[in-house]
file my_file.cif (mmCIF, C-alpha atoms)
data_work
#
loop_
_atom_site.label_atom_id
_atom_site.label_comp_id
_atom_site.auth_asym_id
_atom_site.auth_seq_id
_atom_site.Cartn_x
_atom_site.Cartn_y
_atom_site.Cartn_z
CA MET Z 8 149.37 72.50 77.25
CA ALA Z 9 146.21 72.61 79.39
CA THR Z 10 143.21 71.08 77.64
CA GLN Z 11 141.16 74.22 78.26
CA HIS Z 12 143.42 76.09 75.83
CA LEU Z 13 142.79 73.46 73.14
CA TYR Z 14 138.99 73.52 73.18
CA ALA Z 15 137.52 74.53 69.84
CA MET Z 16 134.46 76.07 71.48
CA PRO Z 17 133.81 77.92 74.75
CA VAL Z 18 133.35 75.76 77.85
CA GLU Z 19 131.99 77.12 81.09
CA GLN Z 20 133.80 74.57 83.22
CA THR Z 21 136.26 71.74 82.82
CA GLY Z 22 134.94 69.54 85.63
CA TRP Z 23 131.77 67.62 86.34
CA GLU Z 24 130.39 66.29 89.60
CA PHE Z 25 127.23 64.43 90.52
CA ASP Z 26 125.96 62.10 93.22
CA GLY Z 27 127.19 58.60 92.46
CA ALA Z 28 125.50 57.04 95.49
CA THR Z 29 126.26 53.37 95.77
CA GLU Z 30 126.60 50.42 98.11
CA ILE Z 31 130.11 49.17 98.84
CA SER Z 32 130.33 45.38 98.86
CA PHE Z 33 132.93 43.36 100.77
CA THR Z 34 133.08 39.57 100.61
CA TRP Z 35 134.88 37.12 102.86
CA GLU Z 36 134.33 34.27 100.38
CA TYR Z 37 137.64 33.98 98.57
CA ASP Z 38 137.12 30.48 97.17
CA ASP Z 39 133.87 30.98 95.25
CA GLU Z 40 135.69 31.34 91.96
CA ARG Z 41 134.63 31.14 88.32
CA ALA Z 42 137.32 29.69 86.10
CA ALA Z 43 136.42 31.82 83.07
CA LEU Z 44 136.66 35.10 84.98
CA LEU Z 45 139.90 34.11 86.68
CA ALA Z 46 141.36 33.16 83.29
CA LEU Z 47 140.37 36.62 82.03
CA TYR Z 48 141.99 38.15 85.11
CA ASP Z 49 145.19 36.20 84.39
CA LYS Z 50 145.11 37.39 80.77
CA GLY Z 51 144.57 40.97 81.94
CA LYS Z 52 147.66 40.78 84.16
CA LYS Z 53 149.84 39.39 81.38
CA GLN Z 54 148.67 41.93 78.78
CA GLN Z 55 149.45 45.06 80.77
CA TRP Z 56 151.53 47.49 78.70
CA ASP Z 57 153.19 50.88 78.89
CA ALA Z 58 151.70 53.50 76.56
CA ALA Z 59 154.94 55.44 76.63
CA GLU Z 60 156.98 52.43 75.47
CA ARG Z 61 154.74 50.26 73.29
CA ILE Z 62 153.68 53.15 71.04
CA ASP Z 63 156.19 55.08 68.91
CA TRP Z 64 155.25 58.69 69.69
CA SER Z 65 157.92 60.07 67.36
CA ARG Z 66 155.58 59.48 64.41
CA GLU Z 67 153.72 62.59 63.25
CA VAL Z 68 150.19 63.22 62.00
CA ASP Z 69 149.04 65.45 59.14
CA TRP Z 70 147.55 68.71 60.36
CA ALA Z 71 145.01 68.65 57.50
CA ASN Z 72 143.91 65.07 58.21
CA PRO Z 73 145.18 64.01 61.66
CA MET Z 74 143.61 60.54 61.69
CA ALA Z 75 144.44 60.03 57.97
CA LEU Z 76 140.88 58.92 57.21
CA PRO Z 77 139.30 58.88 53.72
CA ASP Z 78 137.05 61.84 52.89
CA GLU Z 79 134.35 59.42 51.73
CA GLY Z 80 133.48 58.93 55.39
CA ILE Z 81 132.42 62.58 55.81
CA PRO Z 82 128.61 62.86 55.52
CA ILE Z 83 128.65 65.81 53.09
CA PHE Z 84 131.33 64.30 50.83
CA GLY Z 85 130.33 64.67 47.17
CA THR Z 86 127.52 67.13 47.88
CA ASP Z 87 127.35 70.70 46.56
CA ALA Z 88 128.44 71.94 49.99
CA TRP Z 89 131.57 69.82 49.84
CA ASN Z 90 132.37 70.69 46.25
CA LYS Z 91 132.20 74.41 47.01
CA MET Z 92 134.79 74.15 49.79
CA ASN Z 93 138.45 74.95 49.12
CA GLU Z 94 141.22 72.71 50.45
CA ASN Z 95 141.83 74.84 53.55
CA GLU Z 96 138.16 74.65 54.48
CA ARG Z 97 138.13 70.89 53.96
CA ALA Z 98 141.24 70.52 56.10
CA GLU Z 99 139.64 72.55 58.88
CA LEU Z 100 136.48 70.41 58.73
CA ARG Z 101 138.47 67.15 58.84
CA ARG Z 102 140.50 68.39 61.78
CA HIS Z 103 137.46 69.45 63.79
CA LEU Z 104 135.44 66.30 63.09
CA GLN Z 105 138.36 64.06 63.96
CA SER Z 106 139.38 65.99 67.07
CA SER Z 107 135.78 65.80 68.28
CA THR Z 108 135.73 62.03 67.80
CA LEU Z 109 139.06 61.65 69.55
CA SER Z 110 137.88 63.92 72.39
CA GLN Z 111 134.83 61.72 72.98
CA PHE Z 112 137.12 58.67 73.04
CA LEU Z 113 139.14 60.37 75.76
CA HIS Z 114 136.09 61.48 77.79
CA GLY Z 115 134.58 58.01 77.46
CA GLU Z 116 137.79 56.37 78.70
CA GLN Z 117 137.69 58.57 81.81
CA GLY Z 118 134.09 57.45 82.28
CA ALA Z 119 135.25 53.84 82.00
CA LEU Z 120 138.02 54.51 84.51
CA ILE Z 121 135.53 55.81 87.06
CA ALA Z 122 132.94 53.12 86.26
CA THR Z 123 135.41 50.29 86.70
CA SER Z 124 136.69 51.66 89.99
CA LYS Z 125 133.05 51.66 91.08
CA ILE Z 126 132.67 48.04 89.94
CA VAL Z 127 135.63 47.04 92.14
CA ALA Z 128 133.80 48.51 95.11
CA THR Z 129 130.26 47.33 94.36
CA VAL Z 130 130.41 43.93 92.69
CA PRO Z 131 129.68 41.17 95.25
CA ASP Z 132 132.14 38.45 94.15
CA MET Z 133 135.91 38.43 94.50
CA ASP Z 134 136.82 37.14 91.04
CA SER Z 135 135.02 40.12 89.47
CA LYS Z 136 136.83 42.48 91.84
CA PHE Z 137 140.14 40.96 90.75
CA TYR Z 138 139.48 41.45 87.06
CA ALA Z 139 137.94 44.91 87.47
CA ALA Z 140 141.12 45.99 89.27
CA THR Z 141 143.16 45.19 86.14
CA GLN Z 142 140.67 47.14 84.04
CA VAL Z 143 141.12 50.25 86.19
CA MET Z 144 144.77 50.28 85.13
CA ASP Z 145 143.79 49.62 81.51
CA GLU Z 146 141.46 52.62 81.47
CA ALA Z 147 144.08 54.91 83.02
CA ARG Z 148 146.46 53.84 80.25
CA HIS Z 149 143.81 54.51 77.59
CA CYS Z 150 143.26 58.01 78.97
CA GLU Z 151 147.02 58.54 78.81
CA ALA Z 152 147.26 57.35 75.19
CA PHE Z 153 144.31 59.28 73.82
CA SER Z 154 145.23 62.39 75.81
CA ARG Z 155 148.72 62.30 74.37
CA LEU Z 156 147.44 61.81 70.84
CA LEU Z 157 145.01 64.71 71.28
CA HIS Z 158 147.37 67.13 73.03
CA GLU Z 159 150.68 66.46 71.31
CA LYS Z 160 149.56 65.61 67.79
CA VAL Z 161 146.12 67.09 67.02
CA GLN Z 162 146.23 70.05 69.44
CA LEU Z 163 142.49 70.64 69.25
CA ALA Z 164 139.79 69.36 71.61
CA TYR Z 165 136.04 69.28 72.15
CA PRO Z 166 134.08 69.02 75.42
CA ILE Z 167 132.02 65.94 76.22
CA THR Z 168 128.81 65.69 74.20
CA PRO Z 169 125.45 65.89 76.00
CA GLY Z 170 124.60 62.38 74.79
CA LEU Z 171 127.69 60.71 76.24
CA LYS Z 172 127.42 62.78 79.40
CA SER Z 173 123.82 61.68 79.95
CA LEU Z 174 124.56 58.00 79.41
CA LEU Z 175 127.56 58.06 81.74
CA GLU Z 176 125.54 59.77 84.45
CA GLN Z 177 122.81 57.14 84.21
CA GLY Z 178 125.26 54.29 84.57
CA LEU Z 179 127.34 55.86 87.33
CA SER Z 180 124.48 57.15 89.48
CA ASP Z 181 122.52 53.87 89.59
CA ARG Z 182 123.06 52.03 92.89
CA ARG Z 183 122.81 48.57 91.30
CA TRP Z 184 126.18 47.12 90.34
CA ASP Z 185 124.87 45.36 87.25
CA MET Z 186 123.61 48.63 85.75
CA THR Z 187 127.15 50.00 85.80
CA TYR Z 188 128.26 46.86 83.97
CA LEU Z 189 125.41 47.12 81.47
CA THR Z 190 125.99 50.80 80.73
CA MET Z 191 129.76 50.73 80.56
CA GLN Z 192 130.95 47.23 79.71
CA ILE Z 193 128.20 46.32 77.25
CA LEU Z 194 126.83 49.53 75.71
CA ILE Z 195 129.52 52.22 75.84
CA GLU Z 196 132.49 49.85 75.48
CA GLY Z 197 130.67 47.98 72.70
CA LEU Z 198 130.00 51.19 70.81
CA ALA Z 199 133.57 52.34 71.39
CA LEU Z 200 134.99 49.11 69.97
CA ALA Z 201 133.14 49.65 66.70
CA ALA Z 202 134.30 53.30 66.54
CA PHE Z 203 137.90 52.35 67.37
CA GLN Z 204 137.78 49.67 64.68
CA ARG Z 205 136.92 52.27 62.04
CA GLN Z 206 140.04 54.26 62.84
CA ARG Z 207 142.21 51.18 63.24
CA ASP Z 208 141.16 49.70 59.91
CA HIS Z 209 140.71 52.84 57.78
CA SER Z 210 143.41 55.22 59.00
CA GLN Z 211 146.56 55.46 56.88
CA ASN Z 212 148.64 56.71 59.83
CA ASP Z 213 150.71 54.14 61.77
CA LEU Z 214 150.44 56.01 65.06
CA VAL Z 215 146.64 56.25 64.90
CA GLN Z 216 146.37 52.59 63.91
CA ALA Z 217 148.61 51.49 66.77
CA VAL Z 218 146.81 53.49 69.48
CA ASN Z 219 143.44 52.10 68.43
CA ALA Z 220 144.70 48.53 67.97
CA TYR Z 221 146.29 48.38 71.41
CA VAL Z 222 143.32 49.99 73.15
CA MET Z 223 140.99 47.56 71.37
CA GLN Z 224 143.01 44.60 72.65
CA ASP Z 225 142.16 45.71 76.20
CA GLU Z 226 138.57 46.64 75.38
CA ALA Z 227 137.96 43.18 73.96
CA ARG Z 228 138.70 41.74 77.41
CA HIS Z 229 136.49 44.36 79.06
CA VAL Z 230 133.45 43.44 76.98
CA ALA Z 231 134.17 39.76 77.65
CA PHE Z 232 134.22 40.59 81.38
CA GLY Z 233 130.78 42.20 81.16
CA ARG Z 234 129.42 39.26 79.14
CA LEU Z 235 130.64 36.68 81.66
CA ALA Z 236 129.42 38.54 84.73
CA LEU Z 237 125.97 39.47 83.42
CA ARG Z 238 125.36 36.16 81.65
CA ASP Z 239 125.66 34.49 85.05
CA TYR Z 240 123.58 37.08 86.88
CA TYR Z 241 120.66 37.92 84.59
CA PRO Z 242 118.98 34.47 84.69
CA GLU Z 243 118.43 35.14 88.41
CA LEU Z 244 116.36 38.28 87.77
CA THR Z 245 112.60 38.44 87.98
CA GLU Z 246 110.66 39.15 84.81
CA ALA Z 247 110.01 42.70 85.99
CA GLU Z 248 113.71 43.30 86.69
CA ARG Z 249 114.68 41.95 83.28
CA ASP Z 250 112.03 44.10 81.57
CA GLU Z 251 113.44 47.20 83.26
CA ARG Z 252 116.92 46.46 81.96
CA GLU Z 253 115.66 45.69 78.47
CA GLU Z 254 113.81 48.99 78.40
CA PHE Z 255 117.04 50.75 79.41
CA VAL Z 256 118.98 48.98 76.63
CA VAL Z 257 116.44 50.03 74.00
CA GLU Z 258 116.37 53.67 75.12
CA ALA Z 259 120.16 53.84 75.37
CA CYS Z 260 120.70 52.34 71.91
CA TYR Z 261 118.27 54.75 70.24
CA HIS Z 262 119.90 57.56 72.18
CA MET Z 263 123.41 56.62 71.02
CA ARG Z 264 122.31 56.18 67.42
CA ASP Z 265 120.37 59.43 67.16
CA ARG Z 266 122.91 61.61 68.98
CA PHE Z 267 125.86 60.45 66.88
CA ASN Z 268 125.74 63.42 64.49
CA GLN Z 269 128.50 65.74 65.82
CA ILE Z 270 126.10 68.66 65.44
CA GLU Z 271 128.18 70.85 67.76
CA VAL Z 272 131.17 70.46 65.41
CA TRP Z 273 129.24 71.32 62.26
CA GLU Z 274 127.76 74.43 63.84
CA ASN Z 275 131.14 75.45 65.24
CA VAL Z 276 132.73 75.44 61.76
CA GLY Z 277 129.90 77.48 60.26
CA PHE Z 278 127.24 75.08 58.96
CA SER Z 279 123.57 75.66 59.71
CA ARG Z 280 121.87 73.03 61.87
CA GLU Z 281 119.05 72.50 59.36
CA LYS Z 282 121.30 71.89 56.36
CA VAL Z 283 123.77 69.64 58.12
CA MET Z 284 121.08 67.55 59.82
CA ALA Z 285 119.48 66.96 56.44
CA ALA Z 286 122.84 66.00 54.94
CA VAL Z 287 123.58 63.57 57.77
CA ALA Z 288 120.11 62.08 57.55
CA ASN Z 289 120.45 61.51 53.80
CA SER Z 290 124.04 60.26 53.91
CA GLU Z 291 124.32 56.60 52.97
CA VAL Z 292 127.80 56.32 54.46
CA MET Z 293 126.52 57.74 57.75
CA ALA Z 294 123.59 55.34 57.80
CA GLN Z 295 125.96 52.41 57.28
CA PHE Z 296 128.34 53.70 59.94
CA ARG Z 297 125.55 54.06 62.48
CA GLN Z 298 124.50 50.50 61.82
CA ARG Z 299 128.05 49.17 62.15
CA LEU Z 300 128.34 50.87 65.53
CA PHE Z 301 126.06 48.14 66.85
CA THR Z 302 128.03 45.15 65.54
CA ARG Z 303 129.51 44.61 69.01
CA ILE Z 304 126.48 45.54 71.10
CA VAL Z 305 123.73 43.43 69.51
CA PRO Z 306 125.35 39.97 69.83
CA THR Z 307 126.49 40.75 73.37
CA VAL Z 308 123.03 41.91 74.49
CA LYS Z 309 121.64 38.67 73.09
CA ASP Z 310 124.34 36.64 74.82
CA ILE Z 311 123.65 38.07 78.29
CA GLY Z 312 119.96 37.20 77.99
CA LEU Z 313 118.33 40.60 77.43
CA TRP Z 314 116.62 39.36 74.28
CA GLY Z 315 112.91 39.94 74.86
CA GLU Z 316 110.43 41.10 72.25
CA ARG Z 317 111.02 44.80 73.01
CA VAL Z 318 114.76 44.51 72.33
CA ARG Z 319 114.35 42.41 69.18
CA LYS Z 320 111.76 44.81 67.80
CA ALA Z 321 113.99 47.82 68.44
CA TYR Z 322 116.99 46.25 66.75
CA ALA Z 323 114.86 45.25 63.78
CA ASP Z 324 113.65 48.85 63.53
CA MET Z 325 117.24 50.11 63.61
CA GLY Z 326 118.22 47.66 60.89
CA VAL Z 327 120.80 45.90 63.08
CA ILE Z 328 119.01 42.70 64.10
CA GLN Z 329 121.22 40.69 61.72
CA TYR Z 330 124.21 41.35 63.97
CA SER Z 331 122.68 39.04 66.57
CA GLU Z 332 124.15 36.12 64.59
CA ILE Z 333 127.72 37.42 64.91
CA ASP Z 334 130.08 35.34 67.03
CA ALA Z 335 130.97 37.99 69.62
CA GLU Z 336 133.74 35.91 71.13
CA ALA Z 337 135.40 35.44 67.73
CA LEU Z 338 135.27 39.19 67.11
CA LEU Z 339 136.98 39.89 70.41
CA GLU Z 340 139.66 37.29 69.73
CA ALA Z 341 140.28 38.89 66.33
CA ASP Z 342 140.85 42.25 68.05
CA ASN Z 343 143.49 40.62 70.23
CA LYS Z 344 145.26 39.12 67.22
CA VAL Z 345 145.35 42.44 65.33
CA ALA Z 346 147.22 44.02 68.25
CA GLU Z 347 149.68 41.15 68.31
CA ASP Z 348 150.23 41.57 64.56
CA PHE Z 349 150.96 45.27 65.11
CA ASP Z 350 153.61 44.32 67.65
CA ALA Z 351 155.16 41.86 65.20
CA LYS Z 352 155.29 44.51 62.47
CA GLN Z 353 156.98 46.99 64.80
CA PHE Z 354 159.65 44.47 65.73
CA VAL Z 355 160.27 43.71 62.05
CA LYS Z 356 160.65 47.45 61.32
CA GLN Z 357 163.21 47.64 64.12
CA GLY Z 358 165.10 44.69 62.62
CA ILE Z 359 164.43 42.34 65.52
CA GLY Z 360 162.71 39.61 63.51
CA ALA Z 361 160.11 37.04 64.42
CA GLU Z 362 162.18 35.22 67.08
CA GLY Z 363 163.03 38.46 68.84
CA SER Z 364 159.39 39.53 68.65
CA ALA Z 365 158.28 36.37 70.41
CA ALA Z 366 160.94 36.73 73.07
CA ALA Z 367 160.05 40.36 73.74
CA ALA Z 368 156.36 39.46 74.01
CA GLU Z 369 157.22 36.98 76.76
#

call {"tool": "encode", "arguments": {"input": "my_file.cif", "output": "structure tokens"}}
result
Amino acid sequence: MATQHLYAMPVEQTGWEFDGATEISFTWEYDDERAALLALYDKGKKQQWDAAERIDWSREVDWANPMALPDEGIPIFGTDAWNKMNENERAELRRHLQSSTLSQFLHGEQGALIATSKIVATVPDMDSKFYAATQVMDEARHCEAFSRLLHEKVQLAYPITPGLKSLLEQGLSDRRWDMTYLTMQILIEGLALAAFQRQRDHSQNDLVQAVNAYVMQDEARHVAFGRLALRDYYPELTEAERDEREEFVVEACYHMRDRFNQIEVWENVGFSREKVMAAVANSEVMAQFRQRLFTRIVPTVKDIGLWGERVRKAYADMGVIQYSEIDAEALLEADNKVAEDFDAKQFVKQGIGAEGSAAAAE
């Protein structure tokens, strides 16, 4: 079924074009290699997977709660507005909120696909080109997986939000290769990892858990790629160049935090903007969720060296400065292990056993 027929609200067009002017960079230096990036490239090659085979698409989702998430995560849960709703109305709200989230995952993965193809062309060193080439395939696979989940199982979609659209355009229209990295690999991928983790860890549906776990295994490498590349490059910047990038990080983080309210969904299902914005603003669970969205971004921004006073002050104001002490590398390794554990569980369910699981993984 064409996506246009699934959209929950009218869309004027289903395409988007803008000038992504850039400089294409070739290099004839094939021996200037960084061991860490080449090791990541090797890992990326070995961890390629087939979304049609690794995931069991025969599993179904519940129409009334497709992602099988607890109602306590809905901002109006427990309020008078929630208590007045009947079960059909609650089911419709769950379905729209979850399909909107899943739609933004899908749109963001297409953004990552385009951004990484741009990185292959623009980054000046060969080892980064090698790894970015594996990520292009990863992102295509993620689009495939989320598109299939959205089209075959949920059968409801939302267009890209203005906030995500704006951030993608900024990162993809900047001529400087590092700004594409910073926008996509550090900010958007970092935010996505935290959002994927919520569904992976809180969903009670095996299919939803598996899709998010396997995508996160790839995304963990992608963020590591951005960390390695920018951590080497940013010490070479002038103070003015670093200030410009720190200002961009601060603006982008406030933008992502403040636009994460799904206002278009609430209005589409009949809530007034004023009432729902007040409910979201006063929701403790939403405040906590917004903070947790930055668990992956804050330590990575610190690690790549964009840790001036402006950035630290902004993160303190957001209430997320404490995440700077998180071991980002350990988090990413944990994401990899969760995916491996999912594989092991699937083999056990199929009666293969631990030895067969290890053999299949090889």

call {"tool": "residues_around", "arguments": {"input": "my_file.cif", "residues": "Z:Met191", "least_positions_apart": "4", "cutoff": "8 Å", "atoms": "all atoms listed in the file", "output": "ChimeraX atom specification"}}
result
/Z:119,122,175,178,187,195-196

call {"tool": "residues_around", "arguments": {"input": "my_file.cif", "residues": "Z:His209", "least_positions_apart": "2", "cutoff": "9 Å", "atoms": "all atoms listed in the file", "output": "list of chain:residue names"}}
result
Z:Ala75, Z:Leu76, Z:Pro77, Z:Gln204, Z:Arg205, Z:Gln206, Z:Arg207, Z:Gln211, Z:Gln216

call {"tool": "closest_residue", "arguments": {"input": "my_file.cif", "among": "Z:Asn72, Z:Phe301, Z:Asn343, Z:Lys309", "to": "Z:Arg97", "atoms": "all atoms listed in the file"}}
result
Z:Asn72

call {"tool": "closest_residue", "arguments": {"input": "my_file.cif", "among": "Z:Val257, Z:Ala59, Z:Ile83, Z:Leu163", "to": "Z:Lys282", "atoms": "all atoms listed in the file"}}
result
Z:Ile83

call {"tool": "resolve_selection", "arguments": {"input": "my_file.cif", "expression": "the PyMOL selection byres ((chain Z and resi 310) around 10)", "output": "PyMOL selection string"}}
result
chain Z and resi 234-235+237-238+304-309+311-314+331+334-335

call {"tool": "atom_distance", "arguments": {"input": "my_file.cif", "atom1": "atom CA of Z:His229", "atom2": "atom CA of Z:Leu200"}}
result
10.4 Å

call {"tool": "closest_residue", "arguments": {"input": "my_file.cif", "among": "Z:Trp64, Z:Phe84, Z:Tyr221, Z:Tyr165", "to": "Z:Asp145", "atoms": "only C-alpha atoms"}}
result
Z:Tyr221

call {"tool": "resolve_selection", "arguments": {"input": "my_file.cif", "expression": "the PyMOL selection byres ((chain Z and resi 287) around 12)", "output": "count of residues only"}}
result
30

call {"tool": "atom_distance", "arguments": {"input": "my_file.cif", "atom1": "atom CA of Z:Ala346", "atom2": "atom CA of Z:Ala220"}}
result
5.2 Å

call {"tool": "residues_around", "arguments": {"input": "my_file.cif", "residues": "Z:Thr29", "least_positions_apart": "5", "cutoff": "8 Å", "atoms": "all atoms listed in the file", "output": "ChimeraX atom specification"}}
result
/Z:129,180-183

call {"tool": "write_last_selection", "arguments": {"input": "my_file.cif", "atoms": "C-alpha atoms", "output": "tab-separated table (two decimals), keeping the file's coordinate frame"}}
result
chain	number	residue	atom	x	y	z
Z	129	THR	CA	130.26	47.33	94.36
Z	180	SER	CA	124.48	57.15	89.48
Z	181	ASP	CA	122.52	53.87	89.59
Z	182	ARG	CA	123.06	52.03	92.89
Z	183	ARG	CA	122.81	48.57	91.30

call {"tool": "atom_distance", "arguments": {"input": "my_file.cif", "atom1": "atom CA of Z:Ala202", "atom2": "atom CA of Z:Arg303"}}
result
10.2 Å
